[in-house]
$ cat my_file_6.cif   # mmCIF, C-alpha atoms
data_upload
#
loop_
_atom_site.label_atom_id
_atom_site.label_comp_id
_atom_site.auth_asym_id
_atom_site.auth_seq_id
_atom_site.Cartn_x
_atom_site.Cartn_y
_atom_site.Cartn_z
CA MET A 1008 6.48 26.01 25.56
CA LYS A 1009 8.27 23.17 27.31
CA ARG A 1010 6.36 20.61 25.22
CA LYS A 1011 7.37 22.42 22.01
CA ILE A 1012 11.04 22.39 23.05
CA ILE A 1013 10.88 18.67 23.84
CA LEU A 1014 9.28 17.88 20.49
CA THR A 1015 11.81 19.99 18.61
CA ALA A 1016 14.71 18.33 20.42
CA LEU A 1017 13.28 14.91 19.70
CA ALA A 1018 12.84 15.71 16.01
CA VAL A 1019 16.42 16.96 15.75
CA MET A 1020 17.71 13.87 17.50
CA LEU A 1021 15.75 11.58 15.20
CA MET A 1022 16.81 13.40 12.04
CA SER A 1023 20.44 13.25 13.07
CA GLN A 1024 20.22 9.47 13.24
CA ASN A 1025 19.37 9.25 9.53
CA VAL A 1026 22.95 10.17 8.62
CA PHE A 1027 24.18 6.91 10.13
CA ALA A 1028 21.63 4.61 8.47
CA ASP A 1029 23.49 2.63 5.81
CA ASN A 1030 20.37 1.22 4.14
CA CYS A 1031 16.60 1.00 4.38
CA ASP A 1032 16.64 -1.86 6.87
CA ASP A 1033 18.91 0.12 9.18
CA LEU A 1034 16.75 3.18 8.78
CA VAL A 1035 13.61 1.31 9.78
CA SER A 1036 15.39 -0.13 12.82
CA VAL A 1037 16.76 3.24 13.88
CA TRP A 1038 13.38 4.93 13.74
CA LYS A 1039 11.66 2.04 15.49
CA SER A 1040 14.16 2.08 18.35
CA LEU A 1041 13.95 5.83 18.81
CA TYR A 1042 10.21 6.28 18.35
CA SER A 1043 8.62 8.09 21.26
CA ASN A 1044 5.03 8.18 22.45
CA ILE A 1045 5.23 11.97 22.51
CA GLN A 1046 2.80 13.20 19.86
CA GLY A 1047 2.93 16.55 18.14
CA LYS A 1048 -0.05 17.95 16.28
CA THR A 1049 -0.72 21.21 14.50
CA TYR A 1050 -4.12 22.80 14.21
CA SER A 1051 -5.46 25.44 11.90
CA GLU A 1052 -8.71 27.31 11.55
CA ALA A 1053 -9.61 29.02 8.31
CA ASP A 1054 -11.30 32.43 8.16
CA THR A 1055 -15.08 32.51 7.89
CA ILE A 1056 -16.24 32.15 4.29
CA THR A 1057 -19.61 33.24 2.91
CA VAL A 1058 -21.36 30.94 0.40
CA THR A 1059 -24.65 31.45 -1.39
CA THR A 1060 -25.13 28.21 -3.37
CA PRO A 1061 -24.83 24.47 -2.64
CA GLU A 1062 -22.09 24.28 -5.28
CA ALA A 1063 -20.01 26.96 -3.54
CA TRP A 1064 -20.67 25.22 -0.21
CA GLU A 1065 -19.39 21.89 -1.56
CA ASP A 1066 -16.34 23.52 -3.15
CA ALA A 1067 -15.44 25.23 0.14
CA ILE A 1068 -15.66 22.01 2.15
CA VAL A 1069 -13.80 19.86 -0.38
CA SER A 1070 -11.11 22.53 -0.70
CA ALA A 1071 -10.75 22.61 3.09
CA TYR A 1072 -10.23 18.88 3.50
CA ASN A 1073 -7.91 18.77 0.49
CA ARG A 1074 -5.79 21.28 2.46
CA LEU A 1075 -6.11 19.03 5.54
CA GLU A 1076 -7.78 21.82 7.53
CA ASP A 1077 -9.04 20.88 10.98
CA LYS A 1078 -12.17 22.98 10.60
CA ILE A 1079 -13.80 25.62 8.47
CA THR A 1080 -16.58 28.11 9.31
CA LEU A 1081 -19.10 29.02 6.62
CA GLN A 1082 -21.82 31.64 6.53
CA ILE A 1083 -24.54 30.10 4.38
CA ALA A 1084 -27.37 32.11 2.84
CA GLY A 1085 -30.66 30.22 2.61
CA PHE A 1086 -29.42 27.14 4.45
CA ASN A 1087 -31.65 24.05 4.34
CA GLU A 1088 -30.97 20.42 5.20
CA THR A 1089 -31.76 19.14 1.72
CA ASP A 1090 -29.40 21.28 -0.36
CA TYR A 1091 -26.68 21.30 2.29
CA ASP A 1092 -26.74 17.63 3.31
CA LEU A 1093 -23.37 16.33 4.51
CA ASN A 1094 -24.31 12.83 3.35
CA SER A 1095 -23.84 14.08 -0.22
CA LEU A 1096 -20.14 14.62 0.58
CA LYS A 1097 -19.43 11.11 1.80
CA ASN A 1098 -15.73 10.33 1.71
CA TYR A 1099 -14.24 7.11 3.07
CA ASP A 1100 -11.15 8.97 4.21
CA VAL A 1101 -12.73 12.07 5.81
CA SER A 1102 -15.34 12.23 8.57
CA ILE A 1103 -17.16 15.59 8.66
CA SER A 1104 -19.22 16.96 11.52
CA ALA A 1105 -21.16 20.24 11.70
CA LYS A 1106 -22.25 22.63 14.42
CA GLY A 1107 -23.94 26.01 13.93
CA ILE A 1108 -26.88 28.38 14.31
CA VAL A 1109 -29.42 30.13 12.06
CA SER A 1110 -29.60 33.90 12.55
CA LYS A 1111 -32.66 36.08 12.11
CA ASP A 1112 -31.58 37.41 8.73
CA GLY A 1113 -31.48 33.89 7.22
CA ILE A 1114 -27.70 33.53 7.32
CA SER A 1115 -26.55 30.32 9.01
CA THR A 1116 -23.11 30.17 10.56
CA VAL A 1117 -21.84 26.59 10.54
CA THR A 1118 -18.46 25.22 11.58
CA TYR A 1119 -17.44 21.99 9.88
CA SER A 1120 -14.79 19.83 11.58
CA PHE A 1121 -12.75 17.18 9.80
CA ASP A 1122 -11.37 13.90 11.09
CA TYR A 1123 -9.01 12.20 8.65
CA ASN A 1124 -8.01 8.64 7.93
CA PRO A 1125 -4.26 8.87 8.73
CA ASN A 1126 -3.41 7.10 5.46
CA TYR A 1127 -5.25 9.82 3.55
CA LYS A 1128 -3.18 12.50 5.24
CA ILE A 1129 0.13 10.90 4.32
CA ALA A 1130 -1.03 10.26 0.75
CA LYS A 1131 -2.17 13.87 0.45
CA VAL A 1132 1.26 15.10 1.54
CA VAL A 1133 2.85 12.98 -1.20
CA GLU A 1134 0.68 14.90 -3.66
CA VAL A 1135 1.21 18.29 -1.98
CA PRO A 1136 4.49 18.33 0.01
CA ALA A 1137 3.66 21.80 1.38
CA LEU A 1138 1.08 20.08 3.62
CA PHE A 1139 3.81 18.18 5.52
CA ASP A 1140 3.27 20.24 8.69
CA LYS A 1141 -0.33 19.02 8.81
CA LEU A 1142 0.95 15.58 9.85
CA ASP A 1143 1.47 14.68 13.49
CA LEU A 1144 4.90 13.64 14.73
CA GLU A 1145 4.50 9.92 14.12
CA GLN A 1146 3.09 10.48 10.65
CA LYS A 1147 6.00 12.77 9.80
CA GLU A 1148 8.45 10.11 10.94
CA ALA A 1149 6.73 7.39 8.89
CA TYR A 1150 6.65 9.68 5.85
CA ASP A 1151 10.37 10.42 6.19
CA ILE A 1152 11.22 6.73 6.51
CA LEU A 1153 9.27 5.76 3.41
CA TYR A 1154 10.59 8.73 1.43
CA LYS A 1155 14.23 7.95 2.23
CA CYS A 1156 13.78 4.23 1.60
CA THR A 1157 11.99 4.84 -1.70
CA LYS A 1158 14.74 7.13 -2.95
CA GLU A 1159 17.43 4.71 -1.84
CA LEU A 1160 15.67 1.76 -3.48
CA THR A 1161 14.91 3.44 -6.80
CA GLU A 1162 17.45 6.19 -7.42
CA ASN A 1163 19.62 3.98 -9.67
CA LEU A 1164 16.73 2.28 -11.46
CA THR A 1165 15.65 3.49 -14.88
CA THR A 1166 12.34 1.72 -15.55
CA ASP A 1167 9.02 1.95 -13.73
CA TYR A 1168 8.83 -1.85 -13.72
CA ASP A 1169 12.15 -2.18 -11.88
CA LYS A 1170 11.06 0.46 -9.36
CA GLU A 1171 7.82 -1.42 -8.80
CA VAL A 1172 9.69 -4.69 -8.18
CA ALA A 1173 12.02 -2.97 -5.69
CA ILE A 1174 9.12 -1.47 -3.72
CA HIS A 1175 7.13 -4.73 -3.80
CA ASN A 1176 10.09 -6.73 -2.48
CA PHE A 1177 10.98 -4.13 0.16
CA ILE A 1178 7.47 -4.39 1.62
CA THR A 1179 7.25 -8.19 1.54
CA ASP A 1180 10.77 -8.56 2.96
CA ASN A 1181 10.48 -6.06 5.80
CA PHE A 1182 6.87 -6.35 7.00
CA GLN A 1183 4.47 -9.11 7.85
CA TYR A 1184 0.74 -9.64 7.87
CA GLY A 1185 -0.77 -9.27 11.32
CA PRO A 1186 -2.15 -9.45 13.84
CA LEU A 1187 -3.51 -12.83 12.81
CA ASP A 1188 -6.52 -12.53 15.15
CA MET A 1189 -8.88 -10.87 12.69
CA GLY A 1190 -11.56 -10.65 15.35
CA ASN A 1191 -9.54 -8.08 17.26
CA VAL A 1192 -7.63 -5.88 14.81
CA PRO A 1193 -6.34 -2.59 16.31
CA GLN A 1194 -6.72 0.56 14.23
CA ARG A 1195 -2.93 0.83 13.93
CA ALA A 1196 -2.88 -2.36 11.86
CA HIS A 1197 -4.80 -0.48 9.13
CA SER A 1198 -2.37 2.43 9.01
CA ILE A 1199 0.90 3.25 7.32
CA THR A 1200 2.31 4.50 10.61
CA GLY A 1201 1.44 1.28 12.44
CA PHE A 1202 2.94 -0.69 9.55
CA VAL A 1203 6.21 1.23 9.68
CA PHE A 1204 6.68 1.25 13.45
CA ASP A 1205 5.13 -2.10 14.40
CA GLY A 1206 6.40 -4.04 11.40
CA GLN A 1207 3.01 -5.56 10.67
CA GLY A 1208 -0.40 -4.65 9.33
CA ILE A 1209 -3.34 -5.86 7.28
CA CYS A 1210 -4.23 -5.28 3.63
CA GLU A 1211 -5.12 -1.59 4.04
CA ALA A 1212 -1.64 -0.89 5.40
CA TYR A 1213 0.03 -2.90 2.62
CA ALA A 1214 -1.95 -1.24 -0.17
CA ASN A 1215 -1.51 2.29 1.19
CA THR A 1216 2.22 1.82 1.80
CA PHE A 1217 2.69 0.51 -1.73
CA TYR A 1218 0.65 3.45 -3.02
CA VAL A 1219 2.66 6.06 -1.11
CA MET A 1220 6.04 4.57 -2.03
CA GLY A 1221 4.90 4.18 -5.64
CA LYS A 1222 3.87 7.84 -5.81
CA MET A 1223 7.16 8.87 -4.22
CA ALA A 1224 8.94 6.95 -7.00
CA GLY A 1225 6.83 8.65 -9.68
CA LEU A 1226 4.70 5.61 -10.49
CA ASP A 1227 1.08 5.80 -11.68
CA VAL A 1228 -0.64 3.80 -8.92
CA SER A 1229 -4.06 3.70 -7.31
CA ILE A 1230 -5.90 1.69 -4.65
CA ILE A 1231 -8.76 -0.76 -5.21
CA THR A 1232 -11.23 -1.72 -2.48
CA GLY A 1233 -13.08 -4.99 -3.03
CA THR A 1234 -13.00 -8.57 -1.79
CA ALA A 1235 -10.61 -11.53 -1.97
CA ASN A 1236 -12.13 -14.95 -1.39
CA ASN A 1237 -15.29 -13.11 -0.28
CA VAL A 1238 -13.46 -11.17 2.46
CA SER A 1239 -13.06 -7.37 2.35
CA HIS A 1240 -9.70 -6.54 0.84
CA MET A 1241 -7.53 -3.75 -0.61
CA TRP A 1242 -4.89 -3.95 -3.31
CA ASN A 1243 -3.36 -1.74 -6.02
CA GLN A 1244 -3.54 -0.96 -9.69
CA ILE A 1245 -0.56 0.31 -11.67
CA CYS A 1246 -0.14 1.75 -15.15
CA LEU A 1247 2.98 0.79 -17.12
CA ASP A 1248 3.45 2.03 -20.69
CA GLY A 1249 -0.23 2.91 -20.92
CA GLU A 1250 -1.50 -0.52 -19.80
CA TYR A 1251 -3.04 -1.28 -16.40
CA TYR A 1252 -2.28 -4.17 -14.06
CA HIS A 1253 -3.35 -5.43 -10.64
CA VAL A 1254 -0.74 -5.89 -7.91
CA ASP A 1255 -1.68 -7.37 -4.53
CA VAL A 1256 1.32 -7.06 -2.23
CA THR A 1257 -0.57 -8.47 0.76
CA SER A 1258 -1.27 -11.75 -1.03
CA ASP A 1259 2.34 -11.95 -2.21
CA ASP A 1260 3.66 -11.83 1.38
CA PRO A 1261 3.86 -15.35 2.89
CA THR A 1262 1.80 -15.99 6.04
CA PRO A 1263 3.33 -16.92 8.40
CA ASP A 1264 6.14 -14.64 7.32
CA VAL A 1265 9.10 -16.14 5.46
CA PRO A 1266 11.84 -13.49 5.17
CA ASN A 1267 13.44 -12.98 1.76
CA ARG A 1268 11.17 -15.47 -0.01
CA GLU A 1269 9.74 -13.55 -2.94
CA ARG A 1270 6.34 -14.39 -4.37
CA TYR A 1271 4.72 -12.77 -7.39
CA THR A 1272 1.40 -14.57 -7.68
CA PHE A 1273 -0.48 -11.26 -7.96
CA PHE A 1274 2.24 -9.09 -9.47
CA ASN A 1275 0.94 -7.24 -12.54
CA VAL A 1276 -1.90 -9.59 -13.32
CA SER A 1277 -4.90 -9.07 -15.59
CA ASP A 1278 -8.57 -8.83 -14.69
CA ASP A 1279 -9.01 -12.41 -15.90
CA ILE A 1280 -6.38 -13.79 -13.53
CA ILE A 1281 -7.20 -11.83 -10.39
CA SER A 1282 -10.97 -12.22 -10.81
CA GLN A 1283 -10.56 -15.92 -9.99
CA THR A 1284 -10.19 -14.86 -6.35
CA HIS A 1285 -10.90 -11.10 -6.20
CA SER A 1286 -13.92 -8.97 -6.98
CA TRP A 1287 -14.31 -5.20 -7.27
CA GLU A 1288 -16.47 -2.55 -8.93
CA ARG A 1289 -14.96 -2.82 -12.40
CA SER A 1290 -16.71 0.27 -13.75
CA GLU A 1291 -14.68 2.44 -11.36
CA PHE A 1292 -11.25 1.33 -12.68
CA PRO A 1293 -9.54 0.94 -16.05
CA ALA A 1294 -9.60 -2.58 -17.48
CA CYS A 1295 -6.46 -4.69 -17.02
CA THR A 1296 -6.05 -6.77 -20.17
CA SER A 1297 -2.30 -6.92 -20.82
CA ASP A 1298 0.20 -9.50 -19.54
CA LYS A 1299 3.30 -7.76 -20.96
CA TYR A 1300 4.61 -6.78 -17.51
CA ASN A 1301 3.28 -9.78 -15.64
CA TYR A 1302 6.21 -11.07 -13.61
CA TYR A 1303 6.05 -14.61 -15.00
CA THR A 1304 5.47 -13.57 -18.61
CA LEU A 1305 8.26 -10.99 -18.62
CA ASN A 1306 10.80 -13.34 -17.04
CA ASN A 1307 9.72 -16.42 -19.04
CA TYR A 1308 8.78 -18.30 -15.86
CA ILE A 1309 5.71 -19.99 -17.37
CA ILE A 1310 5.72 -23.79 -17.59
CA HIS A 1311 3.68 -25.60 -20.27
CA SER A 1312 4.87 -29.21 -19.86
CA GLU A 1313 6.77 -31.61 -17.62
CA GLN A 1314 9.88 -31.28 -19.82
CA GLU A 1315 9.77 -27.50 -19.39
CA LEU A 1316 9.39 -28.02 -15.62
CA LYS A 1317 12.46 -30.27 -15.54
CA ASP A 1318 14.53 -27.82 -17.62
CA PHE A 1319 13.41 -24.86 -15.55
CA ILE A 1320 14.31 -26.50 -12.23
CA ASN A 1321 17.73 -27.58 -13.54
CA THR A 1322 18.43 -24.05 -14.81
CA GLN A 1323 17.52 -22.55 -11.44
CA LEU A 1324 19.64 -25.00 -9.45
CA ASN A 1325 22.62 -24.71 -11.83
CA SER A 1326 22.43 -20.93 -11.32
CA GLY A 1327 22.65 -21.40 -7.55
CA ASN A 1328 19.05 -20.40 -6.87
CA THR A 1329 17.55 -22.19 -3.88
CA SER A 1330 14.29 -20.25 -3.99
CA PHE A 1331 12.35 -19.83 -7.22
CA THR A 1332 8.85 -19.37 -8.56
CA PHE A 1333 6.97 -20.30 -11.72
CA ARG A 1334 3.44 -20.45 -13.14
CA THR A 1335 1.83 -23.26 -15.13
CA GLU A 1336 -0.34 -22.68 -18.20
CA GLY A 1337 -1.99 -25.50 -20.16
CA TYR A 1338 -0.27 -27.93 -17.78
CA THR A 1339 -1.20 -29.09 -14.31
CA ILE A 1340 0.90 -30.59 -11.53
CA SER A 1341 -0.98 -33.32 -9.68
CA GLY A 1342 1.14 -33.20 -6.53
CA PRO A 1343 4.51 -32.29 -4.98
CA ASP A 1344 6.26 -35.53 -5.93
CA ILE A 1345 7.22 -34.38 -9.45
CA ILE A 1346 8.94 -31.27 -8.07
CA ARG A 1347 10.61 -33.29 -5.32
CA TYR A 1348 11.86 -35.77 -7.93
CA TYR A 1349 13.59 -33.12 -10.05
CA THR A 1350 15.22 -31.50 -6.99
CA SER A 1351 16.34 -34.71 -5.26
CA GLY A 1352 19.96 -35.74 -5.07
CA LYS A 1353 21.12 -32.13 -5.15
CA GLY A 1354 22.33 -31.92 -1.55
CA PHE A 1355 19.23 -30.34 0.00
CA SER A 1356 17.68 -31.64 3.21
CA SER A 1357 14.25 -30.03 2.92
CA ILE A 1358 11.91 -28.51 0.37
CA ASN A 1359 8.95 -26.18 0.82
CA ILE A 1360 6.41 -25.93 -2.00
CA THR A 1361 3.33 -23.72 -2.21
CA GLY A 1362 0.79 -23.87 -5.02
CA GLU A 1363 -2.53 -25.39 -5.98
CA TYR A 1364 -2.17 -28.86 -7.44
CA GLY A 1365 -4.48 -30.15 -10.14
CA LYS A 1366 -5.00 -26.76 -11.78
CA GLU A 1367 -3.07 -23.98 -13.45
CA SER A 1368 -1.32 -22.25 -10.58
CA THR A 1369 1.65 -20.27 -9.32
CA TYR A 1370 4.24 -22.32 -7.42
CA ASN A 1371 6.94 -21.17 -5.01
CA VAL A 1372 9.79 -23.53 -4.16
CA THR A 1373 12.38 -23.08 -1.38
CA LEU A 1374 15.19 -25.57 -0.81
CA ARG A 1375 17.45 -25.90 2.22
#

$ encode --input "my_file_6.cif" --output "structure tokens"
Amino acid sequence: MKRKIILTALAVMLMSQNVFADNCDDLVSVWKSLYSNIQGKTYSEADTITVTTPEAWEDAIVSAYNRLEDKITLQIAGFNETDYDLNSLKNYDVSISAKGIVSKDGISTVTYSFDYNPNYKIAKVVEVPALFDKLDLEQKEAYDILYKCTKELTENLTTDYDKEVAIHNFITDNFQYGPLDMGNVPQRAHSITGFVFDGQGICEAYANTFYVMGKMAGLDVSIITGTANNVSHMWNQICLDGEYYHVDVTSDDPTPDVPNRERYTFFNVSDDIISQTHSWERSEFPACTSDKYNYYTLNNYIIHSEQELKDFINTQLNSGNTSFTFRTEGYTISGPDIIRYYTSGKGFSSINITGEYGKESTYNVTLR
């Protein structure tokens, strides 16, 4: 009883702080500073269900984990290990274990227990808000932060594209890739909760956070698991006006972190572009063939010649932009000197350029 009172008091105290958060950055800071190690968790146990076919057995188990149940007990007529094999229900996000007995009348009573990927739980609550109480205290706090930030970021935006840009930039501006020691990555670095409270995470945290915020904003988003440069990786796919695009927020976040420097190398790109570095099971996802909502195409940030490069840089500097990005097509830049030349004599003491010289590439330029 005492523990319940403490948790309730803590929740009330945390919720009261939201009133004083002026923006998303403040909100993240408030929750981080107040976060407690006290964990709250709710458990449920469904009534015993009788099933007589493998199909009914599968439906009962899938229904249970879609409701985020902790366990379910089934009475199974004619149980055998072939027809009722848990391996047939493999799910990356749900680990299922079984324990039971076979009675004399041929009815097996089996209790199935579920252990969930925490990202799956938060994503499921986005789909079914009534499941919110299935989250533990930290997950509820992370959910609330992302929900409030998403609404604040997108409530005055009218297009899905603008909402996507806002969410993309919020993630790259407020979080960083880490820990950098990939030989010793804690489980928290994979999770939305670790991302929110620790301020860093790896690709799984980036992709799931973008997915959850996208769903909260009403966007049609999904998650792709594959490889990038032959290393296991996760990123997103989004549908805009009936066309699909890849978006890799992790790869768009500078490492080491550079606050407020936006990159859009993998923002709404086609299969052809992303396949130069990424691979995935294409048959499992819609094809991405359009470039209509590619960041560089939509904003006319594509450079085809040196004259276009010169004009583009002058336009950016005359507009007061000290950080800008562009992509080359049918034109290659051999080295940084040409960019340095067109930015020299403008009163800047340093220039940072990222991109791949000698090939068509995306370039990011920051002047100080």

$ closest_atom_pairs --input "my_file_6.cif" --of "stretch 1188-1241 of chain A" --to "stretch 1144-1155 of chain A" --cutoff "10 Å" --atoms "all atoms listed in the file" --output "CSV"
residue,atom,partner,partner_atom,distance
A:Ser1198,CA,A:Gln1146,CA,9.9
A:Ile1199,CA,A:Ala1149,CA,7.3
A:Thr1200,CA,A:Ala1149,CA,5.6
A:Gly1201,CA,A:Ala1149,CA,8.8
A:Phe1202,CA,A:Ala1149,CA,8.9
A:Val1203,CA,A:Ala1149,CA,6.2
A:Phe1204,CA,A:Ala1149,CA,7.6
A:Thr1216,CA,A:Leu1153,CA,8.2
A:Phe1217,CA,A:Leu1153,CA,9.9
A:Val1219,CA,A:Leu1153,CA,8.0
A:Met1220,CA,A:Leu1153,CA,6.4
A:Lys1222,CA,A:Tyr1154,CA,9.9
A:Met1223,CA,A:Tyr1154,CA,6.6
A:Ala1224,CA,A:Tyr1154,CA,8.8

$ resolve_selection --input "my_file_6.cif" --expression "the PyMOL selection byres ((chain A and resi 1227) around 10)" --output "ChimeraX atom specification"
/A:1167,1218,1221-1222,1224-1226,1228-1229,1244-1247,1249,1251

$ atom_distance --input "my_file_6.cif" --atom1 "atom CA of A:Trp1064" --atom2 "atom CA of A:Asp1143"
28.1 Å

$ residues_around --input "my_file_6.cif" --residues "stretch 1088-1096 of chain A" --least-positions-apart "2" --cutoff "10 Å" --atoms "all atoms listed in the file" --output "PyMOL selection string"
chain A and resi 1060-1062+1064-1065+1068-1069+1083+1085-1086+1098-1099+1101-1105+1119

$ resolve_selection --input "my_file_6.cif" --expression "the PyMOL selection byres ((chain A and resi 1276) around 12)" --output "ChimeraX atom specification"
/A:1242-1246,1250-1256,1271-1275,1277-1283,1285,1294-1305,1369

$ atom_distance --input "my_file_6.cif" --atom1 "atom CA of A:Thr1179" --atom2 "atom CA of A:Asn1215"
13.7 Å

$ closest_residue --input "my_file_6.cif" --among "A:Ser1341, A:Thr1335, A:Asn1306, A:Thr1284" --to "A:Glu1367" --atoms "all atoms listed in the file"
A:Thr1335

$ residues_near_point --input "my_file_6.cif" --point "(6.0, -7.9, 3.1)" --cutoff "9 Å" --atoms "only C-alpha atoms" --output "PyMOL selection string"
chain A and resi 1175-1184+1207+1213+1256-1257+1259-1261+1264+1266

$ atom_distance --input "my_file_6.cif" --atom1 "atom CA of A:Gly1327" --atom2 "atom CA of A:Glu1171"
24.9 Å

$ residues_around --input "my_file_6.cif" --residues "A:Phe1331" --least-positions-apart "4" --cutoff "8 Å" --atoms "all atoms listed in the file" --output "mmCIF file with C-alpha atoms, in the frame of the given file"
data_model
loop_
_atom_site.group_PDB
_atom_site.id
_atom_site.type_symbol
_atom_site.label_atom_id
_atom_site.label_comp_id
_atom_site.auth_asym_id
_atom_site.auth_seq_id
_atom_site.Cartn_x
_atom_site.Cartn_y
_atom_site.Cartn_z
ATOM 1 C CA GLN A 1323 17.520 -22.550 -11.440
ATOM 2 C CA ASN A 1371 6.940 -21.170 -5.010
ATOM 3 C CA VAL A 1372 9.790 -23.530 -4.160
ATOM 4 C CA THR A 1373 12.380 -23.080 -1.380
#

$ residues_around --input "my_file_6.cif" --residues "A:Ser1312" --least-positions-apart "2" --cutoff "9 Å" --atoms "all atoms listed in the file" --output "list in words"
Ile1310, Gln1314, Glu1315, Leu1316, Lys1317, Thr1335, Glu1336, Gly1337, Tyr1338 and Thr1339 of chain A

$ decode --input "my_file_6.cif" --residues "stretch 1137-1150 of chain A" --atoms "N, CA, C and O atoms" --output "CSV table (one decimal), in the first residue's frame"
chain,number,residue,atom,x,y,z
A,1137,ALA,N,-6.1,2.5,-24.9
A,1137,ALA,CA,-6.7,1.9,-23.7
A,1137,ALA,C,-5.7,1.0,-23.0
A,1137,ALA,O,-5.9,0.6,-21.8
A,1138,LEU,N,-4.6,0.6,-23.7
A,1138,LEU,CA,-3.6,-0.2,-23.1
A,1138,LEU,C,-2.6,0.5,-22.3
A,1138,LEU,O,-1.6,-0.1,-21.8
A,1139,PHE,N,-2.8,1.8,-22.1
A,1139,PHE,CA,-1.8,2.7,-21.4
A,1139,PHE,C,-1.3,2.1,-20.1
A,1139,PHE,O,-0.2,2.1,-19.7
A,1140,ASP,N,-2.3,1.6,-19.3
A,1140,ASP,CA,-2.0,1.1,-18.0
A,1140,ASP,C,-1.1,-0.2,-18.0
A,1140,ASP,O,-0.6,-0.6,-17.0
A,1141,LYS,N,-0.9,-0.8,-19.2
A,1141,LYS,CA,0.0,-1.9,-19.3
A,1141,LYS,C,1.4,-1.5,-19.3
A,1141,LYS,O,2.3,-2.4,-19.1
A,1142,LEU,N,1.7,-0.2,-19.4
A,1142,LEU,CA,3.1,0.2,-19.4
A,1142,LEU,C,3.6,0.4,-18.0
A,1142,LEU,O,2.8,0.7,-17.1
A,1143,ASP,N,4.9,0.3,-17.8
A,1143,ASP,CA,5.4,0.5,-16.4
A,1143,ASP,C,5.6,2.1,-16.3
A,1143,ASP,O,5.4,2.8,-17.2
A,1144,LEU,N,6.0,2.5,-15.1
A,1144,LEU,CA,6.1,3.9,-14.9
A,1144,LEU,C,7.0,4.7,-15.8
A,1144,LEU,O,6.6,5.7,-16.4
A,1145,GLU,N,8.2,4.1,-16.1
A,1145,GLU,CA,9.1,4.8,-17.0
A,1145,GLU,C,8.6,4.9,-18.4
A,1145,GLU,O,8.7,5.9,-19.1
A,1146,GLN,N,7.9,3.8,-18.8
A,1146,GLN,CA,7.4,3.8,-20.2
A,1146,GLN,C,6.2,4.8,-20.3
A,1146,GLN,O,6.1,5.4,-21.3
A,1147,LYS,N,5.4,4.9,-19.2
A,1147,LYS,CA,4.3,5.9,-19.3
A,1147,LYS,C,4.9,7.3,-19.4
A,1147,LYS,O,4.4,8.2,-20.1
A,1148,GLU,N,6.0,7.6,-18.6
A,1148,GLU,CA,6.6,8.9,-18.7
A,1148,GLU,C,7.1,9.2,-20.0
A,1148,GLU,O,6.9,10.3,-20.6
A,1149,ALA,N,7.8,8.2,-20.6
A,1149,ALA,CA,8.4,8.4,-22.0
A,1149,ALA,C,7.3,8.6,-23.0
A,1149,ALA,O,7.4,9.5,-23.9
A,1150,TYR,N,6.2,7.9,-22.9
A,1150,TYR,CA,5.1,8.0,-23.8
A,1150,TYR,C,4.5,9.4,-23.7
A,1150,TYR,O,4.2,10.1,-24.7
